[in-house]
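Asks: Sharing run-v4.cif (mmCIF, C-alpha atoms) below.
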data_query
#
loop_
_atom_site.label_atom_id
_atom_site.label_comp_id
_atom_site.auth_asym_id
_atom_site.auth_seq_id
_atom_site.Cartn_x
_atom_site.Cartn_y
_atom_site.Cartn_z
CA MET Z 465 -0.68 28.83 1.18
CA THR Z 466 -0.26 26.05 -1.32
CA SER Z 467 -0.40 22.62 0.23
CA LEU Z 468 0.69 19.35 -1.29
CA GLU Z 469 0.01 16.04 0.30
CA SER Z 470 -0.17 12.41 -0.66
CA ASP Z 471 -1.87 9.58 1.14
CA ALA Z 472 -0.39 6.19 1.41
CA ALA Z 473 -2.11 3.14 0.03
CA SER Z 474 -3.68 1.35 2.90
CA CYS Z 475 -2.37 -2.14 2.62
CA CYS Z 476 1.23 -1.63 3.20
CA GLY Z 477 1.84 2.04 3.22
CA ALA Z 478 2.89 1.71 -0.34
CA GLY Z 479 2.52 5.36 -1.23
CA PHE Z 480 5.37 7.73 -1.50
CA THR Z 481 4.80 10.70 0.78
CA ILE Z 482 5.68 14.12 -0.50
CA PRO Z 483 7.71 15.68 2.28
CA SER Z 484 7.38 19.16 3.54
CA ILE Z 485 8.51 21.73 0.98
CA ILE Z 486 8.63 25.50 1.47
CA THR Z 487 6.92 26.88 -1.61
CA SER Z 488 6.50 30.40 -0.26
CA ASP Z 489 9.19 32.98 0.57
CA ASP Z 490 9.38 31.93 4.22
CA LYS Z 491 12.40 30.90 6.19
CA ALA Z 492 10.90 27.91 7.94
CA GLN Z 493 7.66 26.04 8.44
CA LEU Z 494 6.39 23.45 10.85
CA ALA Z 495 3.17 21.51 10.41
CA GLY Z 496 1.18 19.05 12.45
CA LEU Z 497 -1.29 16.78 10.67
CA TYR Z 498 -3.91 14.41 11.93
CA THR Z 499 -5.42 11.96 9.43
CA TYR Z 500 -8.21 9.47 9.92
CA SER Z 501 -8.20 6.98 7.09
CA LYS Z 502 -10.47 4.01 6.49
CA ILE Z 503 -10.27 1.27 3.91
CA HIS Z 504 -13.32 1.27 1.70
CA ALA Z 505 -12.50 -1.43 -0.85
CA ASP Z 506 -9.81 -3.74 -2.14
CA VAL Z 507 -9.04 -3.76 -5.83
CA LEU Z 508 -7.66 -6.93 -7.38
CA ALA Z 509 -4.91 -6.97 -9.97
CA ASP Z 510 -7.51 -7.52 -12.71
CA GLY Z 511 -9.33 -4.33 -11.69
CA LYS Z 512 -12.25 -5.97 -9.88
CA TRP Z 513 -13.37 -4.31 -6.66
CA ARG Z 514 -14.33 -5.90 -3.34
CA GLU Z 515 -16.06 -3.82 -0.72
CA ARG Z 516 -14.34 -4.08 2.68
CA LYS Z 517 -16.91 -4.88 5.35
CA GLU Z 518 -14.61 -5.22 8.35
CA ASP Z 519 -13.36 -1.99 9.87
CA ASP Z 520 -9.72 -1.27 9.10
CA HIS Z 521 -8.74 2.28 9.91
CA THR Z 522 -5.57 4.19 10.56
CA GLN Z 523 -4.94 7.37 12.49
CA ILE Z 524 -1.82 9.23 11.47
CA PHE Z 525 -0.18 11.95 13.52
CA LYS Z 526 2.48 13.57 11.41
CA LEU Z 527 5.02 16.27 12.10
CA GLU Z 528 6.48 18.00 9.07
CA GLY Z 529 9.15 20.65 9.14
CA ALA Z 530 11.31 22.46 6.61
CA HIS Z 531 13.95 25.16 6.92
CA ILE Z 532 15.91 27.27 4.47
CA LEU Z 533 19.58 26.30 4.52
CA GLU Z 534 21.07 28.91 2.27
CA ASP Z 535 19.18 31.24 0.00
CA ARG Z 536 17.62 28.72 -2.45
CA TRP Z 537 18.42 25.52 -0.60
CA GLN Z 538 16.11 23.94 1.95
CA ALA Z 539 15.85 20.78 4.02
CA GLY Z 540 12.82 19.04 5.48
CA LEU Z 541 11.72 16.13 7.58
CA SER Z 542 8.44 14.24 7.85
CA ILE Z 543 7.81 11.99 10.85
CA PRO Z 544 4.54 10.02 10.91
CA PHE Z 545 3.24 8.16 13.94
CA GLN Z 546 0.41 5.76 13.19
CA GLU Z 547 -2.22 3.80 15.02
CA ARG Z 548 -3.91 1.11 12.99
CA THR Z 549 -7.00 -0.78 14.13
CA ARG Z 550 -8.69 -3.71 12.47
CA SER Z 551 -11.91 -5.43 13.51
CA GLY Z 552 -13.19 -8.79 12.38
CA VAL Z 553 -12.06 -12.30 13.08
CA VAL Z 554 -8.45 -11.30 13.70
CA SER Z 555 -9.01 -7.92 15.35
CA ASN Z 556 -5.91 -6.14 16.47
CA GLN Z 557 -4.26 -2.79 16.91
CA SER Z 558 -0.76 -1.47 16.46
CA LYS Z 559 1.03 1.79 17.11
CA GLY Z 560 4.38 3.05 15.94
CA PHE Z 561 6.29 5.09 13.45
CA GLY Z 562 5.54 5.04 9.76
CA ASP Z 563 8.30 5.55 7.21
CA VAL Z 564 10.28 8.69 7.98
CA THR Z 565 11.17 10.90 5.02
CA ALA Z 566 13.91 13.50 4.79
CA GLN Z 567 14.46 15.75 1.83
CA ILE Z 568 16.67 18.45 0.51
CA GLY Z 569 15.31 20.94 -1.99
CA TYR Z 570 16.63 23.60 -4.34
CA GLU Z 571 14.63 26.44 -5.86
CA TYR Z 572 15.83 26.08 -9.44
CA LEU Z 573 13.15 28.31 -10.89
CA PRO Z 574 12.72 31.40 -8.72
CA ASP Z 575 9.91 33.85 -9.25
CA TRP Z 576 11.69 37.06 -8.38
CA ASN Z 577 10.07 39.25 -11.03
CA TYR Z 578 6.54 37.80 -10.70
CA ASN Z 579 6.42 36.64 -14.29
CA PRO Z 580 2.77 36.14 -15.32
CA TYR Z 581 3.42 32.70 -16.82
CA ARG Z 582 6.62 31.15 -15.49
CA PRO Z 583 6.03 29.11 -12.32
CA LYS Z 584 8.24 28.83 -9.29
CA GLY Z 585 10.06 25.51 -9.36
CA ILE Z 586 11.65 23.56 -6.52
CA GLY Z 587 13.47 20.32 -7.13
CA TYR Z 588 14.02 17.90 -4.30
CA LEU Z 589 15.84 14.75 -3.39
CA SER Z 590 14.20 12.50 -0.83
CA LEU Z 591 15.46 9.76 1.42
CA ILE Z 592 12.95 7.32 2.86
CA ALA Z 593 13.85 5.34 5.96
CA PRO Z 594 11.95 2.07 6.54
CA THR Z 595 10.94 2.88 10.10
CA GLY Z 596 7.42 1.58 9.44
CA ARG Z 597 8.06 -2.08 8.81
CA SER Z 598 6.87 -3.86 5.68
CA ILE Z 599 4.05 -6.38 5.79
CA ASN Z 600 6.58 -9.18 5.33
CA GLU Z 601 8.18 -8.20 8.64
CA SER Z 602 4.90 -8.23 10.52
CA THR Z 603 5.39 -10.01 13.83
CA ASP Z 604 2.25 -12.15 13.61
CA GLY Z 605 1.81 -12.14 9.84
CA THR Z 606 -1.54 -10.35 9.89
CA GLY Z 607 0.12 -7.15 8.68
CA ILE Z 608 -1.59 -4.97 11.25
CA ASP Z 609 1.79 -3.77 12.49
CA SER Z 610 2.94 -2.88 8.99
CA ARG Z 611 2.84 0.89 9.01
CA GLY Z 612 4.99 1.72 6.03
CA ARG Z 613 6.46 0.50 2.82
CA GLY Z 614 9.41 -0.79 4.76
CA PHE Z 615 12.15 -0.24 2.19
CA TRP Z 616 14.97 2.23 1.99
CA GLY Z 617 14.34 4.52 -0.94
CA ILE Z 618 15.45 7.64 -2.72
CA GLY Z 619 13.25 9.93 -4.72
CA LEU Z 620 13.72 12.80 -7.11
CA GLY Z 621 10.97 15.28 -7.78
CA THR Z 622 9.88 18.77 -8.57
CA VAL Z 623 7.17 21.03 -7.25
CA LEU Z 624 5.84 23.83 -9.47
CA THR Z 625 3.60 26.58 -8.13
CA LYS Z 626 1.97 29.61 -9.68
CA ASN Z 627 -0.42 32.31 -8.45
CA TRP Z 628 -2.72 34.50 -10.54
CA ARG Z 629 -4.59 36.99 -8.39
CA ARG Z 630 -7.12 34.83 -6.55
CA TRP Z 631 -6.22 31.60 -8.28
CA ASP Z 632 -3.25 29.36 -7.75
CA ALA Z 633 -2.04 26.14 -9.29
CA ASN Z 634 0.51 23.57 -8.20
CA SER Z 635 1.97 20.35 -9.42
CA ASN Z 636 4.33 17.74 -8.13
CA PHE Z 637 6.13 15.08 -10.12
CA GLU Z 638 8.42 12.55 -8.49
CA VAL Z 639 10.06 9.22 -9.25
CA HIS Z 640 11.62 6.96 -6.68
CA GLN Z 641 13.67 3.83 -6.38
CA SER Z 642 13.12 1.48 -3.46
CA PHE Z 643 15.98 -0.82 -2.57
CA ASN Z 644 16.02 -4.58 -2.18
CA LYS Z 645 15.75 -5.96 1.30
CA LYS Z 646 16.71 -9.28 2.86
CA VAL Z 647 14.03 -10.77 5.07
CA LYS Z 648 14.30 -13.93 7.10
CA ASN Z 649 11.43 -15.09 9.27
CA LYS Z 650 8.94 -17.93 9.41
CA ARG Z 651 7.02 -16.67 6.39
CA VAL Z 652 9.69 -15.24 4.08
CA HIS Z 653 13.31 -16.13 3.57
CA GLY Z 654 14.78 -14.21 0.70
CA ILE Z 655 15.18 -10.87 -1.00
CA LEU Z 656 12.25 -8.51 -1.53
CA LYS Z 657 12.59 -6.52 -4.75
CA PRO Z 658 10.29 -3.48 -4.73
CA GLY Z 659 11.49 -1.67 -7.87
CA ARG Z 660 10.56 1.86 -8.89
CA GLY Z 661 7.54 4.08 -8.56
CA GLY Z 662 6.31 7.54 -9.28
CA SER Z 663 3.53 10.01 -8.78
CA PHE Z 664 2.14 13.08 -10.47
CA ALA Z 665 -0.06 15.59 -8.71
CA LEU Z 666 -1.99 18.49 -10.15
CA GLY Z 667 -3.90 20.95 -8.03
CA SER Z 668 -5.58 24.31 -8.09
CA GLY Z 669 -7.17 26.65 -5.58
CA PHE Z 670 -9.30 29.75 -5.28
CA ASN Z 671 -8.40 32.31 -2.62
CA TRP Z 672 -11.02 34.54 -1.07
CA LYS Z 673 -10.08 36.83 1.80
CA SER Z 674 -8.32 34.52 4.26
CA PHE Z 675 -9.78 31.33 2.83
CA ARG Z 676 -8.60 29.01 0.12
CA LEU Z 677 -10.64 26.26 -1.46
CA GLY Z 678 -8.56 23.85 -3.47
CA GLY Z 679 -8.53 20.53 -5.23
CA LEU Z 680 -5.72 18.12 -5.94
CA ILE Z 681 -5.45 14.91 -7.92
CA ASN Z 682 -2.46 12.66 -7.37
CA TRP Z 683 -1.77 9.63 -9.59
CA VAL Z 684 0.48 7.03 -7.97
CA TYR Z 685 2.26 4.05 -9.53
CA GLU Z 686 4.44 1.37 -7.91
CA ASP Z 687 6.38 -1.42 -9.57
CA PRO Z 688 5.54 -5.01 -8.58
CA ILE Z 689 7.23 -6.40 -5.49
CA ASP Z 690 9.02 -9.62 -6.42
CA VAL Z 691 10.42 -12.11 -3.96
CA ASP Z 692 13.60 -13.98 -4.74
CA GLY Z 693 13.82 -16.85 -2.28
CA THR Z 694 11.20 -18.76 -0.37
CA PRO Z 695 8.52 -18.35 -1.46
CA ALA Z 696 9.62 -17.21 -4.90
CA SER Z 697 6.98 -14.85 -6.17
CA SER Z 698 6.29 -12.34 -8.92
CA GLY Z 699 4.13 -9.39 -7.95
CA GLN Z 700 1.77 -7.12 -9.84
CA LEU Z 701 2.02 -3.39 -10.35
CA GLN Z 702 0.04 -1.13 -8.08
CA ARG Z 703 -1.88 1.94 -9.18
CA TYR Z 704 -4.27 4.34 -7.51
CA THR Z 705 -5.37 7.98 -7.60
CA ASN Z 706 -6.01 10.36 -4.73
CA GLY Z 707 -8.68 12.99 -5.19
CA THR Z 708 -8.52 15.70 -2.53
CA VAL Z 709 -10.54 18.79 -1.67
CA ILE Z 710 -9.01 21.15 0.85
CA LEU Z 711 -10.29 24.17 2.72
CA SER Z 712 -7.66 26.39 4.33
CA TYR Z 713 -7.77 29.44 6.53
CA LEU Z 714 -4.83 31.82 6.66
CA MET Z 715 -4.42 33.36 10.09
CA GLU Z 716 -2.85 36.69 10.90
CA ASN Z 717 0.12 35.24 12.75
CA ASN Z 718 1.51 33.59 9.62
CA SER Z 719 -0.11 30.27 10.28
CA THR Z 720 -2.61 28.17 8.34
CA ALA Z 721 -5.31 25.77 9.42
CA SER Z 722 -6.76 23.33 6.89
CA VAL Z 723 -9.16 20.48 6.64
CA SER Z 724 -9.10 18.14 3.67
CA TYR Z 725 -10.94 15.10 2.39
CA THR Z 726 -9.20 12.53 0.23
CA ASP Z 727 -10.96 9.78 -1.67
CA GLN Z 728 -9.15 7.04 -3.61
CA THR Z 729 -12.34 5.63 -5.10
CA VAL Z 730 -13.24 8.56 -7.35
CA PHE Z 731 -10.56 8.93 -10.02
CA GLY Z 732 -8.34 6.77 -12.15
CA SER Z 733 -8.12 3.08 -12.78
CA PRO Z 734 -6.87 1.51 -9.53
CA SER Z 735 -5.21 -1.87 -9.55
CA ASN Z 736 -3.85 -4.21 -6.88
CA THR Z 737 -4.45 -1.90 -3.94
CA SER Z 738 -6.74 -1.03 -1.07
CA LEU Z 739 -8.69 2.18 -1.45
CA ASN Z 740 -9.03 4.66 1.39
CA LYS Z 741 -11.26 7.52 2.26
CA SER Z 742 -9.61 9.91 4.68
CA ILE Z 743 -9.97 13.24 6.38
CA THR Z 744 -7.02 15.37 7.47
CA VAL Z 745 -6.76 18.29 9.85
CA PHE Z 746 -3.65 20.34 9.31
CA PHE Z 747 -2.02 23.22 11.16
CA GLN Z 748 1.06 24.96 9.84
CA GLN Z 749 3.19 27.72 11.30
CA ARG Z 750 5.60 29.65 9.10
CA TRP Z 751 8.44 32.02 9.91
CA GLN Z 752 9.37 34.79 7.52
CA ARG Z 753 12.90 35.46 6.30
CA MET J 469 -1.11 18.29 -30.72
CA ARG J 470 -4.11 20.10 -29.21
CA TYR J 471 -6.30 16.99 -29.55
CA PHE J 472 -3.57 14.81 -28.11
CA LEU J 473 -3.33 17.03 -25.02
CA PHE J 474 -7.10 17.04 -24.70
CA LEU J 475 -7.16 13.23 -24.80
CA ILE J 476 -4.43 12.98 -22.16
CA ILE J 477 -6.30 15.36 -19.84
CA LEU J 478 -9.54 13.47 -20.44
CA PHE J 479 -7.82 10.18 -19.63
CA LEU J 480 -6.10 11.48 -16.50
CA PHE J 481 -9.20 13.05 -15.00
CA SER J 482 -11.58 10.25 -15.87
CA CYS J 483 -13.61 8.89 -12.99
CA ALA J 484 -12.96 5.47 -11.53
CA LYS J 485 -15.33 2.74 -12.68
CA PRO J 486 -15.93 0.41 -9.75
CA ASN J 487 -16.45 -3.14 -10.92
CA TYR J 488 -17.66 -4.76 -7.71
CA ILE J 489 -17.85 -8.49 -7.32
CA GLY J 490 -19.78 -10.12 -4.52
CA PRO J 491 -18.80 -12.87 -2.08
CA THR J 492 -21.03 -15.51 -3.73
CA GLU J 493 -19.04 -15.14 -6.91
CA LEU J 494 -15.83 -15.54 -4.96
CA THR J 495 -16.44 -18.63 -2.93
CA ARG J 496 -16.81 -20.57 -6.15
CA THR J 497 -13.24 -19.84 -7.16
CA GLY J 498 -10.38 -21.75 -5.70
CA ASN J 499 -12.44 -24.78 -4.76
CA PRO J 500 -10.51 -28.04 -4.56
CA THR J 501 -10.35 -29.96 -7.79
CA MET J 502 -12.03 -33.37 -7.96
CA ALA J 503 -9.18 -34.91 -9.95
CA ALA J 504 -7.90 -38.28 -8.77
CA CYS J 505 -4.57 -36.75 -7.88
CA PRO J 506 -4.99 -32.98 -7.51
CA PHE J 507 -1.38 -32.41 -6.47
CA TYR J 508 1.41 -34.90 -7.06
CA PHE J 509 4.58 -34.76 -4.95
CA GLN J 510 7.31 -36.41 -6.97
CA GLU J 511 9.72 -36.57 -4.05
CA GLU J 512 7.47 -38.84 -1.96
CA ARG J 513 5.38 -40.20 -4.83
CA LEU J 514 2.27 -39.13 -3.01
CA CYS J 515 -0.90 -37.38 -4.05
CA LEU J 516 -2.48 -34.63 -2.01
CA SER J 517 -6.12 -33.64 -1.91
CA TYR J 518 -7.74 -31.09 0.35
CA SER J 519 -11.27 -30.11 1.27
CA TRP J 520 -12.62 -27.12 3.15
CA ASN J 521 -14.22 -27.68 6.54
CA GLN J 522 -14.82 -23.99 7.04
CA PHE J 523 -14.23 -21.47 4.29
CA PRO J 524 -12.62 -18.37 5.83
CA SER J 525 -14.86 -15.33 6.12
CA GLU J 526 -14.88 -12.00 7.90
CA GLU J 527 -16.61 -13.70 10.83
CA SER J 528 -14.56 -16.87 11.17
CA LEU J 529 -11.17 -18.39 10.52
CA GLY J 530 -11.01 -21.11 7.92
CA SER J 531 -9.95 -24.72 8.17
CA PHE J 532 -9.39 -27.57 5.74
CA THR J 533 -8.27 -31.18 5.72
CA MET J 534 -5.28 -32.48 3.74
CA LYS J 535 -5.00 -36.12 2.74
CA PHE J 536 -1.87 -37.78 1.37
CA TYR J 537 -2.14 -41.06 -0.54
CA ALA J 538 -0.52 -43.11 -3.26
CA GLU J 539 -1.98 -42.51 -6.71
CA GLU J 540 -2.80 -46.19 -7.26
CA ASN J 541 -4.51 -46.54 -3.87
CA PRO J 542 -6.51 -43.39 -3.02
CA ASN J 543 -8.29 -44.94 -0.03
CA THR J 544 -5.17 -45.65 1.99
CA TYR J 545 -3.63 -42.55 3.51
CA ILE J 546 0.12 -42.28 4.00
CA SER J 547 2.02 -39.68 6.00
CA PRO J 548 4.93 -38.21 4.05
CA LYS J 549 8.42 -38.64 5.45
CA LEU J 550 9.07 -34.95 4.99
CA SER J 551 7.15 -32.39 7.07
CA PRO J 552 3.98 -31.04 5.46
CA SER J 553 3.61 -27.30 5.63
CA VAL J 554 1.09 -24.74 4.35
CA LYS J 555 1.86 -21.17 3.47
CA LEU J 556 -0.70 -18.52 2.46
CA TRP J 557 0.74 -16.10 -0.05
CA MET J 558 -0.59 -13.08 -1.93
CA PRO J 559 1.58 -12.97 -5.06
CA SER J 560 0.24 -9.72 -6.50
CA MET J 561 1.37 -7.82 -3.42
CA GLY J 562 4.31 -10.02 -2.51
CA HIS J 563 3.38 -10.88 1.07
CA GLY J 564 2.00 -13.71 3.14
CA SER J 565 -0.50 -14.04 5.92
CA SER J 566 -0.46 -15.25 9.50
CA PRO J 567 0.76 -18.81 10.02
CA VAL J 568 -1.71 -21.66 9.99
CA ILE J 569 -1.77 -24.53 12.49
CA ILE J 570 -1.31 -28.08 11.17
CA LYS J 571 -2.28 -31.08 13.29
CA ILE J 572 -2.11 -34.70 12.28
CA VAL J 573 -5.48 -36.39 12.67
CA SER J 574 -4.44 -39.89 11.65
CA GLU J 575 -1.99 -41.53 9.27
CA GLY J 576 -1.79 -39.29 6.17
CA ILE J 577 -4.61 -36.95 7.27
CA TYR J 578 -3.91 -33.46 8.55
CA GLU J 579 -6.22 -30.70 9.75
CA VAL J 580 -5.18 -27.17 8.90
CA THR J 581 -6.77 -24.46 11.06
CA ASP J 582 -6.43 -20.71 11.65
CA VAL J 583 -6.61 -20.06 7.91
CA TYR J 584 -6.82 -16.30 7.59
CA PHE J 585 -6.22 -14.02 4.63
CA THR J 586 -5.10 -10.56 5.65
CA MET J 587 -6.91 -8.83 2.81
CA LEU J 588 -9.26 -9.51 -0.08
CA GLY J 589 -7.77 -10.49 -3.40
CA GLU J 590 -6.02 -13.30 -5.20
CA TRP J 591 -4.09 -15.65 -2.94
CA GLU J 592 -2.15 -18.88 -3.18
CA ILE J 593 -2.33 -21.81 -0.82
CA ARG J 594 1.15 -23.28 -1.04
CA PHE J 595 1.31 -26.91 0.00
CA GLN J 596 4.89 -27.71 0.92
CA LEU J 597 7.00 -30.65 1.96
CA LYS J 598 9.90 -29.45 4.07
CA ASN J 599 13.09 -30.82 5.51
CA ASN J 600 13.58 -28.62 8.55
CA ASP J 601 13.27 -25.12 7.05
CA GLU J 602 14.11 -26.14 3.50
CA VAL J 603 11.22 -26.49 1.07
CA ILE J 604 11.81 -29.68 -0.89
CA GLU J 605 8.68 -29.60 -3.02
CA GLU J 606 5.75 -27.27 -3.34
CA LYS J 607 2.34 -27.29 -5.05
CA ILE J 608 0.16 -24.23 -5.46
CA GLN J 609 -3.61 -23.78 -5.33
CA LYS J 610 -4.80 -20.37 -6.51
CA ILE J 611 -7.76 -18.90 -4.67
CA THR J 612 -9.69 -15.63 -4.73
CA ILE J 613 -10.92 -14.27 -1.44
#
Go through the file and emit its structure as structure tokens.
Replies:
Amino acid sequence: MTSLESDAASCCGAGFTIPSIITSDDKAQLAGLYTYSKIHADVLADGKWRERKEDDHTQIFKLEGAHILEDRWQAGLSIPFQERTRSGVVSNQSKGFGDVTAQIGYEYLPDWNYNPYRPKGIGYLSLIAPTGRSINESTDGTGIDSRGRGFWGIGLGTVLTKNWRRWDANSNFEVHQSFNKKVKNKRVHGILKPGRGGSFALGSGFNWKSFRLGGLINWVYEDPIDVDGTPASSGQLQRYTNGTVILSYLMENNSTASVSYTDQTVFGSPSNTSLNKSITVFFQQRWQR
Amino acid sequence: MRYFLFLIILFLFSCAKPNYIGPTELTRTGNPTMAACPFYFQEERLCLSYSWNQFPSEESLGSFTMKFYAEENPNTYISPKLSPSVKLWMPSMGHGSSPVIIKIVSEGIYEVTDVYFTMLGEWEIRFQLKNNDEVIEEKIQKITI
């Protein structure tokens, strides 16, 4: 019943989404998520905050699936569809796919003998497709139709989970490399260099009957995005922290319903980012081996 | 080792400390300089000054006026031979904003409208002289929105 999730930074979908991973002993899982996310503030590179007065919100409909391939191997796919709306002097709306993520995982640390201390460990390799265009490819330059990071990328990570009677704990650590991209339009003519990034998540939950109440903190870092061309530009690193509380209900038919609240204004020392507050409704169906 | 781990945990789980700044503090930054020649374009041997007609806000688009002149004669405006262009750029995030509209008002004087910054933060107004799509010379005004 463990659930890991990561919200994207609002500006440009800069976050690296953790794809669907089977952490239980099931054969397959399929999840549908709905997220309503609103920008609360912008944080400058020097750490100063500006409260966002105009409404800028995003609705994300995401389908996540994962299936066991062979014993300890698994594969998964995460497909987000987003609708972003902005009010104010240049009000606009856009709909379309965010960045699609595929991953392959391997259970390198199985928990066959229910060791009281050793966690279950799953390593994964992710591929991110830039189906949600970057802000530099925005058709009108306002960025409203930027629904992803917009770079090809690969990531390497590990999920660790452990249960002790009514308590459980989970963590996720991943690093990723985003690849350079050539862009040529009226605003940018050159190579965008996004660099590397990483995230570390730590969560815990308490299970009571069919309910689970959990918390998760996810620290996210992204290298600066430099531009080699016109205009030549050196970026600043981006940093933010997601704090999430999640309430889940385990149903009898091997499915789970959850509602979670994520706030990027509570923890950490954010820099060069927009901070969201979001609520997610989640339904997951699992199939046993 | 125990204290080191404790410090790491304390650091990781520390609460954010919002350091809000208000709009009045911001509009004072990035104002045009009053120097005799705020931006000098070597290629055309022309100075450029600009002044806001309407500072951009959440309620309205911004506009400003650009004036080109020779350094020794600041009251006579001269249009550059190359095409003047303005680009809004957010260097920290590595992206621009929507294009502005530039109209010539009279010899050497241009009005720049539809100035819009897609998000709050530190921006650059890049004043450019272009030959077709090629930027020949560029001067940068930093501004915080």
Asks: Please provide the set of residues having any atom within 6 Å of Gly732 (chain Z), restricted to all atoms listed in the file, with same-chain residues fewer than 5 positions apart removed, written as a CSV table (one decimal) with C-alpha atoms, in the frame of the given file.
Replies:
chain,number,residue,atom,x,y,z
Z,705,THR,CA,-5.4,8.0,-7.6
J,483,CYS,CA,-13.6,8.9,-13.0
J,484,ALA,CA,-13.0,5.5,-11.5
Asks: Starting from chain J, keep only residues with some atom at most 6 Å from an atom of chain Z, counting all atoms listed in the file, and report them as a ChimeraX atom specification.
Replies: /J:483-484,487-489,526-528,559-563,565-566,586,589
Asks: Between CA of Thr544 (chain J) and CA of Arg594 (chain J), what distance in Å does the model show, to one decimal?
Replies: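 A separation of 23.4 Å between them.
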Asks: What does the PyMOL selection byres ((chain J and resi 613) around 7) select in this file, as a ChimeraX atom specification?
Replies: /J:494,588-590,611-612
Asks: Could you work out how far CA of Tyr578 (chain J) lies from CA of Met534 (chain J), giving the answer in Å with one decimal?
Replies: 5.1 Å
Asks: In Å, rounded to a single decimal, give me how far CA of Leu680 (chain Z) is from CA of Asn718 (chain Z).
Replies: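 Distance reported for this atom pair: 23.1 Å.
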Asks: Might you spell out which residues the PyMOL selection byres ((chain Z and resi 710) around 10) would select in the displayed file, as a ChimeraX atom specification?
Replies: /Z:467,669,676-680,708-709,711-712,722-726,743-745
Asks: On this structure, the PyMOL selection byres ((chain Z and resi 524) around 10) would catch which residues? List them as a PyMOL selection string, sorted by chain and number.
Replies: chain Z and resi 497-501+521-523+525-527+544-548+559-562+611+744
Asks: Would you put the residues from that selection into a file with C-alpha atoms, as an mmCIF file, in the coordinates of the input?
Replies:
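Once written, part06.cif looks like this:
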data_model
loop_
_atom_site.group_PDB
_atom_site.id
_atom_site.type_symbol
_atom_site.label_atom_id
_atom_site.label_comp_id
_atom_site.auth_asym_id
_atom_site.auth_seq_id
_atom_site.Cartn_x
_atom_site.Cartn_y
_atom_site.Cartn_z
ATOM 1 C CA LEU Z 497 -1.290 16.780 10.670
ATOM 2 C CA TYR Z 498 -3.910 14.410 11.930
ATOM 3 C CA THR Z 499 -5.420 11.960 9.430
ATOM 4 C CA TYR Z 500 -8.210 9.470 9.920
ATOM 5 C CA SER Z 501 -8.200 6.980 7.090
ATOM 6 C CA HIS Z 521 -8.740 2.280 9.910
ATOM 7 C CA THR Z 522 -5.570 4.190 10.560
ATOM 8 C CA GLN Z 523 -4.940 7.370 12.490
ATOM 9 C CA PHE Z 525 -0.180 11.950 13.520
ATOM 10 C CA LYS Z 526 2.480 13.570 11.410
ATOM 11 C CA LEU Z 527 5.020 16.270 12.100
ATOM 12 C CA PRO Z 544 4.540 10.020 10.910
ATOM 13 C CA PHE Z 545 3.240 8.160 13.940
ATOM 14 C CA GLN Z 546 0.410 5.760 13.190
ATOM 15 C CA GLU Z 547 -2.220 3.800 15.020
ATOM 16 C CA ARG Z 548 -3.910 1.110 12.990
ATOM 17 C CA LYS Z 559 1.030 1.790 17.110
ATOM 18 C CA GLY Z 560 4.380 3.050 15.940
ATOM 19 C CA PHE Z 561 6.290 5.090 13.450
ATOM 20 C CA GLY Z 562 5.540 5.040 9.760
ATOM 21 C CA ARG Z 611 2.840 0.890 9.010
ATOM 22 C CA THR Z 744 -7.020 15.370 7.470
#
Asks: For Pro552 (chain J), which residue among J:Leu597, J:Leu475, J:Ala538, J:Ile604 is the nearest when counting all atoms listed in the file?
Replies: J:Leu597
Asks: Give me the box for region 636-645 of chain Z as AutoDock Vina command-line options, namely the centre and edge lengths in Å to one decimal of a box along x, y and z that holds every listed atom plus 3 Å on each side.
Replies:
--center_x 10.2 --center_y 5.9 --center_z -4.4 --size_x 17.7 --size_y 29.7 --size_z 17.4
Asks: From (4.0, -30.7, -5.9), in the file's coordinates, out to 9 Å: which residues are reached, counting all atoms listed in the file? Answer as a list in words.
Replies: Phe507, Tyr508, Phe509, Gln510, Glu511, Cys515, Leu516, Phe595, Gln596, Leu597, Glu605, Glu606, Lys607 and Ile608 of chain J
Asks: Could you check which of Z:Glu534, Z:Asp489, Z:Asp632, Z:Asp519 is closest to Asn740 (chain Z), using all atoms listed in the file?
Replies: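 Checking each of Z:Glu534, Z:Asp489, Z:Asp632, Z:Asp519 against Asn740 (chain Z), counting all atoms listed in the file, the winner is Z:Asp519.
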Asks: Considering all atoms listed in the file, return as a PyMOL selection string whatever protein or nucleic-acid residues lie within 9 Å of Gly617 (chain Z), sequence-local ones (same chain, fewer than 2 positions apart) excluded.
Replies: chain Z and resi 590-594+615+619+640-643
Asks: I need the chosen residues saved as a PDB file, keeping the file's coordinate frame, with C-alpha atoms.
Replies:
ATOM      1  CA  SER Z 590      14.200  12.500  -0.830  1.00  0.00           C
ATOM      2  CA  LEU Z 591      15.460   9.760   1.420  1.00  0.00           C
ATOM      3  CA  ILE Z 592      12.950   7.320   2.860  1.00  0.00           C
ATOM      4  CA  ALA Z 593      13.850   5.340   5.960  1.00  0.00           C
ATOM      5  CA  PRO Z 594      11.950   2.070   6.540  1.00  0.00           C
ATOM      6  CA  PHE Z 615      12.150  -0.240   2.190  1.00  0.00           C
ATOM      7  CA  GLY Z 619      13.250   9.930  -4.720  1.00  0.00           C
ATOM      8  CA  HIS Z 640      11.620   6.960  -6.680  1.00  0.00           C
ATOM      9  CA  GLN Z 641      13.670   3.830  -6.380  1.00  0.00           C
ATOM     10  CA  SER Z 642      13.120   1.480  -3.460  1.00  0.00           C
ATOM     11  CA  PHE Z 643      15.980  -0.820  -2.570  1.00  0.00           C
TER      12      PHE Z 643
END
